[in-house]
>>> print(open('coords13.txt').read())   # compact mmCIF, C-alpha atoms and all ligand atoms
# COMPACT_ATOMS: atom_id res chain seq x y z
CA MET I 1 7.77 -2.83 -14.85
CA HIS I 2 7.94 -6.52 -13.98
CA LEU I 3 9.44 -8.85 -11.45
CA ALA I 4 11.61 -11.15 -13.55
CA HIS I 5 12.99 -13.32 -10.80
CA LEU I 6 11.98 -14.02 -7.23
CA ARG I 7 14.02 -15.82 -4.63
CA LEU I 8 12.77 -16.68 -1.15
CA ARG I 9 14.61 -18.37 1.69
CA ASP I 10 12.83 -19.29 4.92
CA PHE I 11 10.04 -16.83 4.34
CA ARG I 12 6.71 -17.89 5.95
CA ASN I 13 5.96 -21.45 4.77
CA TYR I 14 8.56 -21.31 1.99
CA GLY I 15 11.96 -22.94 2.43
CA ARG I 16 13.44 -22.20 -0.98
CA VAL I 17 11.81 -20.61 -4.00
CA ASP I 18 13.53 -19.60 -7.23
CA ALA I 19 11.05 -18.57 -9.88
CA ASP I 20 11.22 -16.69 -13.17
CA PHE I 21 8.24 -14.60 -14.22
CA SER I 22 7.60 -12.98 -17.56
CA PRO I 23 5.53 -9.81 -17.95
CA GLY I 24 1.78 -10.38 -18.10
CA LEU I 25 -0.94 -11.89 -15.98
CA HIS I 26 -0.06 -14.63 -13.53
CA VAL I 27 -2.53 -16.68 -11.59
CA LEU I 28 -1.50 -18.43 -8.41
CA LEU I 29 -3.87 -21.33 -7.88
CA GLY I 30 -4.05 -23.46 -4.78
CA ASP I 31 -6.12 -24.58 -1.82
CA ASN I 32 -6.31 -22.56 1.36
CA ALA I 33 -3.23 -22.15 3.54
CA GLN I 34 -0.76 -23.21 0.83
CA GLY I 35 1.21 -19.97 0.58
CA LYS I 36 -0.51 -17.86 -2.07
CA THR I 37 -0.90 -14.75 0.05
CA ASN I 38 2.57 -15.28 1.52
CA LEU I 39 4.05 -14.97 -1.94
CA LEU I 40 2.29 -11.67 -2.59
CA GLU I 41 3.35 -10.51 0.85
CA ALA I 42 7.00 -11.18 -0.04
CA ILE I 43 6.75 -9.14 -3.24
CA TYR I 44 5.00 -6.26 -1.48
CA LEU I 45 7.60 -6.35 1.27
CA MET I 46 10.39 -5.91 -1.26
CA ALA I 47 8.59 -2.92 -2.71
CA THR I 48 7.61 -1.08 0.47
CA LEU I 49 9.56 -2.75 3.31
CA ARG I 50 6.23 -3.39 5.01
CA SER I 51 3.86 -6.31 5.18
CA PHE I 52 0.37 -5.53 3.94
CA ARG I 53 -0.78 -7.70 6.81
CA GLY I 54 0.69 -5.13 9.18
CA VAL I 55 3.05 -7.52 10.97
CA GLY I 56 6.73 -7.29 11.86
CA GLY I 57 9.67 -9.32 10.62
CA ALA I 58 9.57 -12.00 13.32
CA GLN I 59 6.22 -13.33 12.12
CA MET I 60 7.47 -13.76 8.58
CA VAL I 61 10.54 -15.84 9.42
CA ARG I 62 9.82 -19.48 8.73
CA HIS I 63 9.04 -21.29 11.98
CA GLY I 64 12.21 -22.67 13.55
CA GLN I 65 14.57 -20.55 11.42
CA ASN I 66 16.62 -17.49 12.33
CA GLY I 67 15.94 -15.15 9.47
CA TYR I 68 14.42 -14.76 6.03
CA PHE I 69 16.04 -13.72 2.80
CA LEU I 70 14.26 -12.27 -0.21
CA SER I 71 15.58 -11.13 -3.52
CA GLY I 72 13.99 -9.85 -6.66
CA ARG I 73 15.17 -8.82 -10.09
CA VAL I 74 13.04 -6.00 -11.39
CA VAL I 75 13.04 -5.07 -15.05
CA ALA I 76 11.81 -1.62 -16.03
CA GLN I 77 13.92 0.80 -18.09
CA GLY I 78 16.94 -0.96 -16.63
CA THR I 79 17.36 -3.91 -14.31
CA ARG I 80 17.52 -3.61 -10.54
CA GLU I 81 18.37 -6.24 -8.00
CA ILE I 82 16.81 -6.03 -4.53
CA LYS I 83 18.11 -8.14 -1.66
CA MET I 84 16.71 -8.23 1.86
CA TYR I 85 17.75 -10.18 4.88
CA TRP I 86 15.95 -10.00 8.21
CA SER I 87 16.69 -11.64 11.52
CA ARG I 88 16.34 -10.51 15.11
CA HIS I 89 19.98 -9.51 15.18
CA GLU I 90 20.67 -8.34 11.70
CA ARG I 91 18.95 -6.55 8.84
CA LYS I 92 20.38 -6.01 5.42
CA LEU I 93 18.97 -4.25 2.45
CA THR I 94 20.82 -3.79 -0.81
CA LEU I 95 19.95 -2.42 -4.20
CA ASP I 96 22.24 -3.63 -6.99
CA ASP I 97 24.48 -5.05 -4.26
CA ARG I 98 25.02 -1.67 -2.62
CA PRO I 99 23.68 -1.05 0.89
CA VAL I 100 20.64 1.22 0.92
CA ARG I 101 21.34 4.31 2.99
CA LYS I 102 18.39 6.47 2.10
CA LEU I 103 14.93 4.99 1.77
CA THR I 104 14.12 7.58 -0.88
CA ASP I 105 16.72 6.04 -3.20
CA PHE I 106 15.19 2.61 -2.75
CA LEU I 107 11.45 3.01 -2.88
CA GLY I 108 10.97 3.44 -6.63
CA ALA I 109 12.88 0.26 -7.52
CA LEU I 110 9.77 -1.91 -7.39
CA ARG I 111 6.32 -0.32 -7.44
CA THR I 112 3.35 -2.43 -6.44
CA VAL I 113 -0.33 -1.96 -5.77
CA VAL I 114 -1.92 -4.57 -3.56
CA PHE I 115 -5.59 -5.56 -3.58
CA CYS I 116 -6.45 -7.55 -0.47
CA THR I 117 -9.23 -8.11 2.07
CA GLU I 118 -7.63 -5.61 4.45
CA ASP I 119 -8.47 -2.89 1.91
CA LEU I 120 -11.98 -2.78 3.30
CA GLN I 121 -10.48 -0.82 6.19
CA LEU I 122 -9.96 2.03 3.72
CA VAL I 123 -13.71 2.50 3.83
CA LYS I 124 -14.70 1.11 7.22
CA GLY I 125 -11.67 1.92 9.35
CA THR I 126 -10.33 4.99 11.11
CA GLY I 127 -8.48 7.73 9.25
CA ARG I 128 -5.16 5.93 9.59
CA PRO I 129 -5.48 3.52 6.63
CA ARG I 130 -6.73 6.35 4.43
CA ARG I 131 -3.80 8.58 5.44
CA ARG I 132 -1.50 5.68 4.72
CA TYR I 133 -3.07 5.23 1.30
CA LEU I 134 -2.54 8.91 0.46
CA ASP I 135 0.99 8.85 1.81
CA LEU I 136 2.02 5.72 -0.09
CA LEU I 137 0.61 7.18 -3.29
CA LEU I 138 2.52 10.42 -2.75
CA VAL I 139 5.71 8.56 -1.88
CA GLN I 140 5.29 6.58 -5.09
CA THR I 141 4.70 9.67 -7.23
CA ARG I 142 6.48 12.64 -5.64
CA PRO I 143 10.19 12.80 -5.04
CA GLY I 144 10.85 14.43 -1.70
CA TYR I 145 7.53 13.50 -0.11
CA LEU I 146 8.94 10.69 2.00
CA ALA I 147 11.68 12.90 3.45
CA LEU I 148 9.08 15.52 4.31
CA LEU I 149 6.79 12.95 5.91
CA GLN I 150 9.63 11.54 8.00
CA ARG I 151 10.65 15.02 9.13
CA TYR I 152 7.09 15.83 10.12
CA ALA I 153 6.69 12.58 12.08
CA GLN I 154 9.92 13.32 13.92
CA VAL I 155 8.75 16.82 14.85
CA VAL I 156 5.42 15.46 16.13
CA ARG I 157 7.29 12.91 18.28
CA SER I 158 9.63 15.54 19.73
CA ARG I 159 6.82 17.98 20.36
CA ASN I 160 4.71 15.31 22.06
CA ALA I 161 7.67 14.35 24.24
CA ALA I 162 8.06 17.99 25.24
CA LEU I 163 4.33 18.23 26.05
CA LYS I 164 4.59 15.13 28.22
CA GLN I 165 7.29 16.56 30.47
CA PHE I 166 6.03 17.67 33.83
CA PRO I 167 5.62 20.55 33.95
CA PRO I 168 6.05 21.17 30.22
CA ASP I 169 8.57 23.82 29.24
CA PRO I 170 6.67 26.25 26.99
CA THR I 171 9.83 27.46 25.27
CA LEU I 172 10.77 23.91 24.31
CA VAL I 173 7.26 23.17 23.00
CA GLU I 174 7.25 26.40 21.02
CA SER I 175 10.63 25.59 19.53
CA TYR I 176 9.02 22.61 17.78
CA THR I 177 5.89 24.49 16.80
CA ASP I 178 7.58 26.40 13.97
CA ALA I 179 8.90 23.24 12.34
CA LEU I 180 5.53 21.56 12.83
CA VAL I 181 3.71 24.35 11.03
CA GLN I 182 6.24 24.52 8.24
CA CYS I 183 6.37 20.76 7.48
CA GLY I 184 2.65 20.44 8.13
CA ASN I 185 1.76 23.11 5.59
CA ALA I 186 3.99 21.51 2.98
CA LEU I 187 2.35 18.12 3.55
CA ARG I 188 -1.11 19.58 3.37
CA GLN I 189 -0.30 21.27 0.09
CA GLN I 190 0.98 18.05 -1.52
CA ARG I 191 -2.04 16.08 -0.32
CA GLU I 192 -4.34 18.82 -1.60
CA GLU I 193 -2.70 18.78 -5.01
CA LEU I 194 -3.08 15.03 -5.31
CA ILE I 195 -6.87 14.98 -4.98
CA PRO I 196 -7.81 16.50 -8.37
CA GLN I 197 -5.53 13.93 -10.05
CA LEU I 198 -6.93 11.05 -8.04
CA LEU I 199 -10.62 11.91 -8.17
CA PRO I 200 -11.38 11.34 -11.88
CA LEU I 201 -9.45 8.05 -11.85
CA ALA I 202 -11.28 6.85 -8.75
CA GLN I 203 -14.64 7.83 -10.21
CA ARG I 204 -13.93 6.04 -13.47
CA ALA I 205 -12.78 2.94 -11.57
CA TYR I 206 -15.90 2.97 -9.41
CA ARG I 207 -18.16 3.18 -12.45
CA GLN I 208 -16.38 0.18 -13.91
CA ILE I 209 -16.49 -1.96 -10.81
CA ALA I 210 -19.90 -1.05 -9.39
CA PRO I 211 -22.94 -2.01 -11.41
CA ALA I 212 -25.26 0.71 -10.05
CA ALA I 213 -25.20 4.38 -10.88
CA GLU I 214 -24.46 6.06 -7.57
CA GLU I 215 -21.97 8.92 -7.68
CA PHE I 216 -18.64 8.44 -5.89
CA HIS I 217 -16.85 11.46 -4.58
CA LEU I 218 -13.74 11.79 -2.52
CA ALA I 219 -12.52 14.88 -0.73
CA TYR I 220 -9.51 15.77 1.33
CA ALA I 221 -10.46 16.51 4.93
CA PRO I 222 -7.45 18.24 6.45
CA SER I 223 -7.36 18.62 10.21
CA VAL I 224 -6.19 22.20 9.70
CA ARG I 225 -8.90 24.26 8.02
CA GLY I 226 -7.29 27.68 7.86
CA ASP I 227 -4.06 28.99 9.35
CA PHE I 228 -2.15 26.18 11.07
CA ALA I 229 -0.24 28.46 13.46
CA VAL I 230 -3.36 30.34 14.54
CA GLU I 231 -5.45 27.20 15.05
CA LEU I 232 -2.63 25.59 17.00
CA ALA I 233 -2.32 28.62 19.26
CA GLN I 234 -6.03 28.35 20.03
CA LEU I 235 -5.47 24.79 21.22
CA ARG I 236 -2.58 25.62 23.53
CA GLU I 237 -4.46 24.96 26.77
CA ARG I 238 -6.02 21.72 25.57
CA GLU I 239 -2.69 20.46 24.27
CA ARG I 240 -1.13 21.14 27.64
CA ARG I 241 -3.90 19.24 29.38
CA LEU I 242 -3.94 16.28 27.01
CA ARG I 243 -0.15 16.42 26.47
CA MET I 244 -0.06 15.83 22.78
CA THR I 245 -0.16 17.58 19.42
CA LEU I 246 -3.84 17.79 18.57
CA LEU I 247 -3.72 19.33 15.13
CA GLY I 248 -1.91 18.69 11.88
CA PRO I 249 -1.60 16.30 8.92
CA HIS I 250 -1.21 13.31 11.26
CA ARG I 251 -4.91 13.83 11.92
CA ASP I 252 -6.02 14.37 8.31
CA ASP I 253 -8.61 12.22 6.64
CA LEU I 254 -9.92 11.42 3.19
CA GLN I 255 -13.70 11.62 2.93
CA LEU I 256 -15.40 8.98 0.83
CA LEU I 257 -18.92 9.85 -0.28
CA LEU I 258 -21.56 7.94 -2.20
CA ASP I 259 -24.32 10.17 -3.50
CA GLY I 260 -23.12 12.78 -1.05
CA ARG I 261 -23.24 10.55 2.06
CA ALA I 262 -20.36 9.18 4.10
CA ALA I 263 -19.65 5.71 2.71
CA ALA I 264 -18.54 4.29 6.07
CA GLN I 265 -22.01 4.88 7.52
CA PHE I 266 -24.35 4.57 4.57
CA ALA I 267 -22.84 2.30 1.94
CA SER I 268 -23.77 -1.38 1.69
CA GLU I 269 -21.09 -4.06 2.14
CA GLY I 270 -20.90 -4.56 -1.60
CA GLN I 271 -20.54 -0.84 -2.24
CA LYS I 272 -17.81 -0.58 0.39
CA ARG I 273 -15.88 -3.39 -1.24
CA SER I 274 -16.26 -1.77 -4.65
CA LEU I 275 -15.05 1.55 -3.24
CA ALA I 276 -11.95 -0.04 -1.74
CA ILE I 277 -11.12 -1.73 -5.03
CA ALA I 278 -11.77 1.48 -6.97
CA LEU I 279 -9.26 3.32 -4.77
CA LYS I 280 -6.63 0.70 -5.55
CA MET I 281 -7.43 0.77 -9.26
CA ALA I 282 -7.01 4.54 -9.18
CA GLN I 283 -3.66 4.13 -7.45
CA ALA I 284 -2.48 1.82 -10.23
CA ASP I 285 -3.69 4.21 -12.94
CA LEU I 286 -2.05 7.18 -11.31
CA LEU I 287 1.27 5.32 -11.11
CA MET I 288 0.97 4.39 -14.76
CA ALA I 289 0.27 7.99 -15.75
CA ARG I 290 3.08 9.36 -13.61
CA HIS I 291 5.80 6.88 -14.53
CA GLY I 292 4.78 5.63 -17.95
CA THR I 293 5.20 2.05 -16.71
CA ALA I 294 2.67 -0.15 -14.99
CA PRO I 295 3.19 -1.12 -11.36
CA VAL I 296 3.13 -4.78 -10.38
CA LEU I 297 -0.40 -5.59 -9.27
CA LEU I 298 -0.85 -8.02 -6.39
CA ILE I 299 -4.46 -9.15 -6.34
CA ASP I 300 -5.23 -11.39 -3.39
CA ASP I 301 -8.47 -13.40 -3.43
CA VAL I 302 -10.38 -10.36 -4.61
CA MET I 303 -11.99 -12.16 -7.49
CA GLY I 304 -13.63 -14.67 -5.19
CA GLU I 305 -15.38 -11.85 -3.37
CA LEU I 306 -16.83 -10.22 -6.43
CA ASP I 307 -19.74 -11.22 -8.57
CA LEU I 308 -19.19 -11.70 -12.26
CA ARG I 309 -20.21 -8.21 -13.27
CA ARG I 310 -17.85 -6.55 -10.83
CA ARG I 311 -15.12 -8.95 -11.77
CA SER I 312 -15.21 -7.77 -15.35
CA GLY I 313 -14.79 -4.24 -14.02
CA LEU I 314 -11.18 -5.09 -13.31
CA LEU I 315 -10.54 -6.20 -16.86
CA PRO I 316 -9.78 -2.78 -18.38
CA LEU I 317 -7.09 -2.26 -15.73
CA LEU I 318 -5.59 -5.68 -16.39
CA ASP I 319 -5.65 -4.86 -20.11
CA ARG I 320 -3.76 -1.64 -19.53
CA VAL I 321 -1.20 -3.44 -17.40
CA HIS I 322 -0.82 -6.03 -20.13
CA GLU I 323 -0.38 -3.38 -22.83
CA HIS I 324 2.24 -1.56 -20.78
CA ARG I 325 4.17 -4.81 -20.40
CA GLY I 326 3.41 -4.72 -16.70
CA GLN I 327 2.56 -7.63 -14.51
CA ALA I 328 -0.18 -8.85 -12.22
CA PHE I 329 -0.18 -11.69 -9.71
CA MET I 330 -3.65 -12.91 -8.81
CA THR I 331 -4.42 -15.59 -6.27
CA CYS I 332 -7.46 -17.82 -6.21
CA THR I 333 -8.60 -21.19 -4.97
CA GLU I 334 -10.48 -21.99 -8.12
CA GLU I 335 -10.51 -20.46 -11.52
CA SER I 336 -13.40 -18.10 -11.94
CA TRP I 337 -12.14 -15.61 -14.46
CA PRO I 338 -14.18 -13.89 -17.07
CA ARG I 339 -13.56 -15.87 -20.22
CA GLU I 340 -11.88 -12.99 -22.06
CA LEU I 341 -8.98 -13.24 -19.66
CA GLY I 342 -8.50 -16.99 -19.76
CA ARG I 343 -6.26 -17.26 -22.78
CA ARG I 344 -3.73 -14.77 -21.55
CA LEU I 345 -3.21 -16.19 -18.07
CA GLN I 346 -0.03 -17.87 -16.96
CA ARG I 347 -0.94 -20.41 -14.33
CA TRP I 348 1.04 -21.51 -11.30
CA GLN I 349 0.22 -24.06 -8.69
CA VAL I 350 0.95 -23.20 -5.08
CA LYS I 351 1.03 -26.19 -2.79
CA ALA I 352 2.54 -26.55 0.69
CA GLY I 353 5.11 -23.80 0.21
CA ARG I 354 6.11 -24.75 -3.31
CA ILE I 355 5.30 -23.03 -6.56
CA SER I 356 5.38 -24.70 -9.96
CA PRO I 357 4.04 -23.98 -13.45
CA TRP I 358 0.56 -25.46 -13.81
N1 LIG Q 1 6.31 -17.82 9.83
C1 LIG Q 1 5.77 -18.91 9.27
N2 LIG Q 1 6.47 -20.07 9.16
C2 LIG Q 1 5.94 -21.16 8.59
N3 LIG Q 1 4.69 -21.20 8.10
C3 LIG Q 1 3.94 -20.09 8.17
C4 LIG Q 1 4.44 -18.88 8.75
N4 LIG Q 1 3.47 -17.96 8.69
C5 LIG Q 1 2.41 -18.55 8.09
N5 LIG Q 1 2.70 -19.83 7.78
C6 LIG Q 1 1.83 -20.80 7.10
O1 LIG Q 1 1.47 -20.30 5.84
C7 LIG Q 1 0.21 -20.84 5.50
C8 LIG Q 1 -0.72 -19.74 5.05
O2 LIG Q 1 -0.24 -19.19 3.90
P1 LIG Q 1 -1.11 -18.18 3.06
O3 LIG Q 1 -0.20 -17.64 2.02
O4 LIG Q 1 -1.78 -17.22 3.94
O5 LIG Q 1 -2.17 -19.19 2.44
P2 LIG Q 1 -3.15 -19.00 1.21
O6 LIG Q 1 -2.64 -19.93 0.16
O7 LIG Q 1 -4.47 -19.44 1.74
O8 LIG Q 1 -3.12 -17.58 0.80
C9 LIG Q 1 -0.36 -21.51 6.71
O9 LIG Q 1 -0.23 -22.89 6.53
C10 LIG Q 1 0.52 -21.00 7.82
O10 LIG Q 1 0.64 -21.92 8.85
MG MG Q 2 -4.62 -16.18 1.07
>>> encode(input="coords13.txt", output="structure tokens", more="lines below")
Ligand SMILES: Nc1ncnc2c1ncn2[C@@H]1O[C@H](COP(=O)(O)OP(=O)(O)O)[C@@H](O)[C@H]1O
Ligand SMILES: [Mg+2]
Amino acid sequence: MHLAHLRLRDFRNYGRVDADFSPGLHVLLGDNAQGKTNLLEAIYLMATLRSFRGVGGAQMVRHGQNGYFLSGRVVAQGTREIKMYWSRHERKLTLDDRPVRKLTDFLGALRTVVFCTEDLQLVKGTGRPRRRYLDLLLVQTRPGYLALLQRYAQVVRSRNAALKQFPPDPTLVESYTDALVQCGNALRQQREELIPQLLPLAQRAYRQIAPAAEEFHLAYAPSVRGDFAVELAQLRERERRLRMTLLGPHRDDLQLLLDGRAAAQFASEGQKRSLAIALKMAQADLLMARHGTAPVLLIDDVMGELDLRRRSGLLPLLDRVHEHRGQAFMTCTEESWPRELGRRLQRWQVKAGRISPW
């Protein structure tokens, strides 16, 4: 899969961009604050409808303008055209010039995996970024997962609202409990099934990226250990006191272990960074295995943070992407690539919101 054409209007520091990209490895070179990350953000936004910086639409509209417009032509088996417009008053999203009604129909059009500094939160942060990682991977690989996830989130919201009423109406709360258990069990099952597919890929990636020999293990840590309905019933009094749903997949976690110890507490900074990158490499490999085409990799400044040995750990992945006629966009302030890569790179200069071939 590759992004063949990108058009930006009033997005971040870009006024107008129209650029054609071939498959392969693209390097975006430029000083700080020129728009390199913004460009990756735009591509990721078209793929997931979210910013990897975790901000809303208003922040991405170019200062002084009303709205941004993005479009992308994606070539995989066929060609798809994504168009997005966002302003405070109006949002439009079309795929092949038809309005998108169901997110499920849209989300496979462009598949990306982003590598960015925020990834460190996968190791250091709360469970939320790890749940999000699992969910995005399942959305990208399992039809039906997104609908299930949305249904579950809706049930949790309704149930929490019922628990917040004063005094809560037990019949109303119970009426949501059945749906909670049913959707929750289905989510847990899909997350459980993903782990054995993810684990060997993550372990291989970690061995490539980390020079030392420690053993990486990841394990699903569901908030429900046994029977969801039974465990929920045991929490009835506490839920009434705290007025929220205390158990279920919205509280799941993914355990990351190095030599059997929790990485968040015991791993060094370098190991944490390697772990975060390994998780993203595994995501890319899983997408390749599942779809037979490579996702578009968006690699932001990661190279600058890695020493030479770790940097070459990314090469096999870039090779695979290259072989699959996929695409990678990599930003950096100065070229510091392993020499093997140099010949195959297509270079772009990013300067003050403009992009041009180097
Ligand atoms: N909404 C916006 N409108 C205009 N400029 C913006 C907006 N948001 C960020 N910028 C500008 O974008 C630049 C940062 O771009 P970024 O892509 O993060 O740089 P880098 O090349 O270092 O990755 C800064 O100059 C910042 O002021
Ligand atoms: Mg940047």
>>> residues_near_point(input="coords13.txt", point="(8.9, -2.4, 6.5)", cutoff="12 Å", atoms="all atoms listed in the file", output="ChimeraX atom specification")
/I:41-42,44-58,60,84-86,91,93,103,107
>>> residues_around(input="coords13.txt", residues="Pro170 in chain I", least_positions_apart="3", cutoff="12 Å", atoms="only C-alpha atoms", output="PyMOL selection string")
chain I and resi 159+162-167+173-177+236-237+239-240+243
>>> atom_distance(input="coords13.txt", atom1="CA of Leu29 in chain I", atom2="CA of Val296 in chain I")
18.1 Å
>>> closest_residue(input="coords13.txt", among="I:Gly226, I:Gly353, I:Pro211, I:Pro249", to="ligand LIG 1 (chain Q)", atoms="all atoms listed in the file")
I:Gly353
>>> residues_near_ligand(input="coords13.txt", ligand="ligand LIG 1 (chain Q)", cutoff="7 Å", atoms="all atoms listed in the file", output="PyMOL selection string")
chain I and resi 11-13+30-39+59-63
>>> residues_around(input="coords13.txt", residues="range 334-339 of chain I", least_positions_apart="4", cutoff="8 Å", atoms="all atoms listed in the file", output="list in words")
Leu29, Gly30, Met303, Gly304, Leu308, Arg311, Ser312 and Arg343 of chain I
>>> closest_residue(input="coords13.txt", among="I:Leu314, I:Leu8, I:Val302, I:Ala153", to="ligand MG 2 (chain Q)", atoms="all atoms listed in the file")
I:Val302
>>> residues_near_point(input="coords13.txt", point="(9.0, -2.7, -15.1)", cutoff="7 Å", atoms="all atoms listed in the file", output="list in words")
Met1, His2, Val74, Val75, Ala76, Gln77, Thr293, Ala294 and Gly326 of chain I
>>> atom_distance(input="coords13.txt", atom1="CA of Arg130 in chain I", atom2="CA of Ile195 in chain I")
12.8 Å
>>> closest_residue(input="coords13.txt", among="I:Thr333, I:Gln150, I:Gln346, I:Thr104", to="ligand MG 2 (chain Q)", atoms="all atoms listed in the file")
I:Thr333
>>> residues_around(input="coords13.txt", residues="Arg73 in chain I", least_positions_apart="6", cutoff="8 Å", atoms="all atoms listed in the file", output="list in words")
Leu3, Ala4, His5, Leu6, Thr79, Arg80, Glu81 and Ile82 of chain I
>>> residues_around(input="coords13.txt", residues="Pro129 in chain I", least_positions_apart="5", cutoff="10 Å", atoms="all atoms listed in the file", output="compact mmCIF listing (two decimals) with C-alpha atoms, keeping the file's coordinate frame")
# COMPACT_ATOMS: atom_id res chain seq x y z
CA GLU I 118 -7.63 -5.61 4.45
CA ASP I 119 -8.47 -2.89 1.91
CA LEU I 120 -11.98 -2.78 3.30
CA GLN I 121 -10.48 -0.82 6.19
CA LEU I 122 -9.96 2.03 3.72
CA VAL I 123 -13.71 2.50 3.83
CA LYS I 124 -14.70 1.11 7.22
CA LEU I 134 -2.54 8.91 0.46
CA ASP I 135 0.99 8.85 1.81
CA ASP I 253 -8.61 12.22 6.64
CA LEU I 254 -9.92 11.42 3.19
>>> closest_residue(input="coords13.txt", among="I:Leu317, I:Asp105, I:Cys332, I:Pro222", to="ligand MG 2 (chain Q)", atoms="all atoms listed in the file")
I:Cys332
>>> atom_distance(input="coords13.txt", atom1="CA of Ala219 in chain I", atom2="CA of His291 in chain I")
24.3 Å
>>> closest_residue(input="coords13.txt", among="I:Ala147, I:Cys116, I:Leu110, I:Leu136", to="ligand MG 2 (chain Q)", atoms="all atoms listed in the file")
I:Cys116
>>> closest_residue(input="coords13.txt", among="I:Glu323, I:Asp96, I:Asp301, I:Glu269", to="ligand MG 2 (chain Q)", atoms="all atoms listed in the file")
I:Asp301
>>> axis_aligned_box(input="coords13.txt", around="range 136-141 of chain I", padding_each_side="6 Å", output="JSON")
{"center_x": 3.2, "center_y": 8.1, "center_z": -3.7, "size_x": 17.1, "size_y": 16.7, "size_z": 19.1}
>>> decode(input="coords13.txt", residues="range 211-224 of chain I", atoms="N, CA and C atoms", output="mmCIF file, in the first residue's frame")
data_model
loop_
_atom_site.group_PDB
_atom_site.id
_atom_site.type_symbol
_atom_site.label_atom_id
_atom_site.label_comp_id
_atom_site.auth_asym_id
_atom_site.auth_seq_id
_atom_site.Cartn_x
_atom_site.Cartn_y
_atom_site.Cartn_z
ATOM 1 N N PRO I 211 20.385 -4.423 21.592
ATOM 2 C CA PRO I 211 21.651 -5.137 21.458
ATOM 3 C C PRO I 211 21.844 -6.243 22.503
ATOM 4 N N ALA I 212 21.283 -6.087 23.699
ATOM 5 C CA ALA I 212 21.530 -7.074 24.753
ATOM 6 C C ALA I 212 20.577 -8.257 24.635
ATOM 7 N N ALA I 213 20.755 -9.208 25.517
ATOM 8 C CA ALA I 213 20.071 -10.490 25.326
ATOM 9 C C ALA I 213 18.889 -10.703 26.255
ATOM 10 N N GLU I 214 18.388 -9.643 26.890
ATOM 11 C CA GLU I 214 17.283 -9.892 27.823
ATOM 12 C C GLU I 214 16.046 -10.366 27.070
ATOM 13 N N GLU I 215 15.223 -11.136 27.778
ATOM 14 C CA GLU I 215 14.046 -11.756 27.165
ATOM 15 C C GLU I 215 12.834 -10.835 27.353
ATOM 16 N N PHE I 216 12.168 -10.541 26.241
ATOM 17 C CA PHE I 216 10.966 -9.706 26.278
ATOM 18 C C PHE I 216 9.748 -10.606 26.237
ATOM 19 N N HIS I 217 8.829 -10.316 27.133
ATOM 20 C CA HIS I 217 7.586 -11.072 27.125
ATOM 21 C C HIS I 217 6.430 -10.108 27.279
ATOM 22 N N LEU I 218 5.349 -10.373 26.562
ATOM 23 C CA LEU I 218 4.159 -9.565 26.824
ATOM 24 C C LEU I 218 2.987 -10.472 27.110
ATOM 25 N N ALA I 219 2.109 -10.016 27.978
ATOM 26 C CA ALA I 219 0.981 -10.838 28.390
ATOM 27 C C ALA I 219 -0.250 -9.953 28.548
ATOM 28 N N TYR I 220 -1.366 -10.513 28.181
ATOM 29 C CA TYR I 220 -2.631 -9.819 28.335
ATOM 30 C C TYR I 220 -3.012 -9.854 29.807
ATOM 31 N N ALA I 221 -3.380 -8.704 30.353
ATOM 32 C CA ALA I 221 -3.801 -8.646 31.753
ATOM 33 C C ALA I 221 -5.237 -8.126 31.815
ATOM 34 N N PRO I 222 -6.183 -9.031 31.606
ATOM 35 C CA PRO I 222 -7.586 -8.593 31.590
ATOM 36 C C PRO I 222 -8.040 -8.199 32.989
ATOM 37 N N SER I 223 -8.947 -7.238 33.054
ATOM 38 C CA SER I 223 -9.437 -6.826 34.363
ATOM 39 C C SER I 223 -10.373 -7.899 34.930
ATOM 40 N N VAL I 224 -10.995 -8.661 34.034
ATOM 41 C CA VAL I 224 -11.844 -9.770 34.472
ATOM 42 C C VAL I 224 -11.017 -11.048 34.421
#
